[in-house]
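A short worksheet on the structure shown next.
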Amino acid sequence: MTHSPSTSFLAPGHIDIHAHLLPEDCYDIPAATGVRSLTERDGELHLGDFPIAVTRDQISGVGRILSDMDTEDIAVRVVSAPPYAFAVTAERDAAADYARRVNDGLIRMCEDNPDRLVPIGVLPVQDRAATAAEVKYLAAEGIRGVAVPPVVGSLTLGDPELHHVLDTCAEAGLAVLVHPTQQPRPGFNHHYLQNLIGNPVESATAIASILLDGTFDRLPTLRIAFVHGAGVAPALLGRWDHGWRMRADVRADTAEPPSEVFRRHVYADALAHSVEAGELLCKVIDPGRITLGSDYPFDMADQHPVRSASALGLDRDVLRSNALRWLGC
């Protein structure tokens with residue numbers, strides 16, 4: 001297997017840390033109910049009966065992603081598997097096997113363009129031993145990071161039952177990208193609310209759990225980024241701080257208010273979908289921890305992420321430096 005090169009060889013310019021690719025031989029995804037397959041209907045891919053609003057060329061075409069990067073003045077994309085490929089409901093052995101196939105496939109897809117495409121892996125997060133084995137494998141292959149879900153069933157990343165995910169990544173020096181998975185929720189049955197509301201809530205749930213769990217006291221070197229502008233967390237930090245001040249159970253595991261922990265430790269992409277939301281994010285996050293992100297090629301992507309970052313007054317060189325720091329360069 002070809003190892004990823006040092007990021008000192010990355011093409012100069014904007015780095016988008018939030019984009020997706022999936023190898024075509026990984027379209028059959030293990031799940032609790034069997035295998036869920038990506039199939040093509042009228043030129044669009046469906047996951048089971050659900051249209052995912054992308055074509056085969058968009059999610060699996062290296063030439064297509066490079067062409068679209070050129071159009072949008074993006075020099076480098078950090079590419080991860082889409083969240084439905086996290087296979088969080090699969091049986092443990094099936095999840096481990098699938099994660100390895102996805103990771104090997106992503107490495108193959110990117111190896112001819114190492115200056116422009118940086119692959120990050122997926123993990124079989126439901127199994128402690130398999131997670132450790134895959135982290136070790138990815139680190140040995142020179143992979144810079146992993147993408148993980150914010151919640152797994154009823155658990156969040158800050159819960160003790162999932163500590164192994166962030167612990168093993170921090171120990172190996174891997175960057176972590178947290179991407180929501182659009183889990184079904186009561187009341188979110190129509191109008192894409194599982195995504196429009198559910199995804200930002202999933203991200204905020206994980207953020208709150210790691211801020212209040214004392215994760216960064218345990219893992220001071222952890223480099224963790226949340227997509228879509230950290231979900232609804234920026235709007236809730238004041239509420240979390242109030243709860244931390246008023247309730248002993250909220251502040252039991254951390255000596256600092258959540259907003260301070262957030263500011264000092266959390267990375268986020270600038271994909272906030274409005275100038276107003278982006279400005280709020282910029283007010284509550286350390287300027288050295290905000291990056292460019294697009295969510296390419298999905299329907300909730302920002303089609304013009306560089307233009308959106310410029311509208312927020314974000315500097316090109318600072319965004320690049322922040323992305324490289326998150327990657328561990």
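Residues in the structure tokens are numbered from 1 in each chain, the chains being A, B, ... in the order shown, and ligands are numbered from 1 in the order shown.
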| Out of range 60-179 of chain A, which residues get helix (DSSP H, G or I) from DSSP, as a PyMOL selection string? | chain A and resi 60+62-71+83-86+92-110+128-140+160-172
Deliver the residues from the most recent selection as a file, using C-alpha atoms, as a compact mmCIF listing (two decimals), in the first residue's frame.
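In the end it all went to part_33.txt:
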```txt
# COMPACT_ATOMS: atom_id res chain seq x y z
CA SER A 60 -16.65 8.06 -6.66
CA VAL A 62 -11.54 11.31 -8.77
CA GLY A 63 -11.46 13.25 -12.02
CA ARG A 64 -14.76 14.91 -11.16
CA ILE A 65 -13.68 16.06 -7.70
CA LEU A 66 -10.41 17.47 -9.04
CA SER A 67 -12.23 19.36 -11.79
CA ASP A 68 -14.72 20.79 -9.31
CA MET A 69 -11.85 21.79 -7.00
CA ASP A 70 -10.25 23.75 -9.83
CA THR A 71 -13.52 25.54 -10.54
CA PRO A 83 -21.44 9.12 7.00
CA TYR A 84 -23.67 6.26 5.87
CA ALA A 85 -20.41 4.34 5.32
CA PHE A 86 -19.59 4.49 9.05
CA ARG A 92 -18.56 -6.02 14.84
CA ASP A 93 -16.63 -8.27 12.47
CA ALA A 94 -18.56 -6.97 9.47
CA ALA A 95 -17.91 -3.37 10.54
CA ALA A 96 -14.19 -4.03 10.93
CA ASP A 97 -13.93 -5.70 7.53
CA TYR A 98 -15.89 -2.92 5.85
CA ALA A 99 -13.81 -0.16 7.48
CA ARG A 100 -10.62 -1.75 6.17
CA ARG A 101 -12.04 -2.03 2.65
CA VAL A 102 -13.19 1.60 2.69
CA ASN A 103 -9.85 2.81 3.99
CA ASP A 104 -7.81 0.84 1.49
CA GLY A 105 -10.10 2.03 -1.29
CA LEU A 106 -9.75 5.69 -0.32
CA ILE A 107 -5.98 5.36 -0.20
CA ARG A 108 -6.00 3.89 -3.71
CA MET A 109 -8.27 6.64 -5.01
CA CYS A 110 -5.99 9.39 -3.72
CA ARG A 128 -12.75 -1.32 21.14
CA ALA A 129 -10.19 -3.85 19.87
CA ALA A 130 -11.10 -3.36 16.21
CA THR A 131 -10.91 0.41 16.60
CA ALA A 132 -7.42 0.15 18.09
CA ALA A 133 -6.31 -2.19 15.30
CA GLU A 134 -7.61 0.09 12.56
CA VAL A 135 -6.05 3.20 14.13
CA LYS A 136 -2.72 1.38 14.28
CA TYR A 137 -3.08 0.34 10.63
CA LEU A 138 -3.98 3.84 9.45
CA ALA A 139 -1.11 5.42 11.36
CA ALA A 140 1.30 2.90 9.85
CA PRO A 160 -17.13 6.33 28.82
CA GLU A 161 -18.31 3.51 26.56
CA LEU A 162 -16.86 5.39 23.56
CA HIS A 163 -13.73 6.80 25.19
CA HIS A 164 -11.68 4.28 23.21
CA VAL A 165 -12.41 6.13 19.96
CA LEU A 166 -10.86 9.47 20.89
CA ASP A 167 -8.27 7.91 23.21
CA THR A 168 -6.74 5.74 20.49
CA CYS A 169 -6.79 8.56 17.95
CA ALA A 170 -5.09 10.99 20.32
CA GLU A 171 -2.47 8.42 21.27
CA ALA A 172 -1.69 7.78 17.59
```
| query | Leaving out range 41-55 of chain A and any residue of its chain fewer than 3 positions from it, which residues lie within 8 Å of it when counting only C-alpha atoms, given as a list in words? | reply |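 Counting only C-alpha atoms, the residues come to Arg36, Ser37, Leu38, Gln58, Ile59, Pro297, Phe298 and Asp299 of chain A.
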Distance table requested - range 5-78 of chain A against range 117-127 of chain A, cut-off 7 Å, only C-alpha atoms: one row per qualifying residue with the closest atom pair and its distance in Å to one decimal, ordered by chain and rising residue number, as a tab-separated table.
```
residue	atom	partner	partner_atom	distance
A:Val76	CA	A:Leu117	CA	5.8
A:Arg77	CA	A:Leu117	CA	5.2
A:Val78	CA	A:Val118	CA	4.6
```
I need the residues from that last selection saved to file as a short mmCIF file (atom, residue, chain, number, x, y, z; two decimals), in the first residue's frame (with N, CA and C atoms), if you can.
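Result file again-v3.cif:
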```
data_model
loop_
_atom_site.label_atom_id
_atom_site.label_comp_id
_atom_site.auth_asym_id
_atom_site.auth_seq_id
_atom_site.Cartn_x
_atom_site.Cartn_y
_atom_site.Cartn_z
N VAL A 76 -6.60 21.74 -2.19
CA VAL A 76 -6.50 20.44 -1.52
C VAL A 76 -7.84 20.10 -0.89
N ARG A 77 -8.23 18.85 -0.98
CA ARG A 77 -9.38 18.39 -0.23
C ARG A 77 -9.00 17.20 0.64
N VAL A 78 -9.38 17.30 1.92
CA VAL A 78 -9.31 16.16 2.82
C VAL A 78 -10.59 15.38 2.62
#
```
| task | Compare A:Gly238, A:Pro258, A:Gly145, A:Gly198 by their minimum atom-to-atom distance to Val176 in chain A, counting only C-alpha atoms, and give me the closest one. | result |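 Checking each of A:Gly238, A:Pro258, A:Gly145, A:Gly198 against Val176 in chain A, counting only C-alpha atoms, the winner is A:Gly145.
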| said: as an MDAnalysis selection string, please: the residues near range 208-223 of chain A (cut-off 9 Å, only C-alpha atoms, same-chain neighbours under 4 positions excluded). | reply: chainID A and resid 156:160 163 166:167 169:171 173:177 203:204 233 237 240 244 250:259 261:262 265:267 325:328
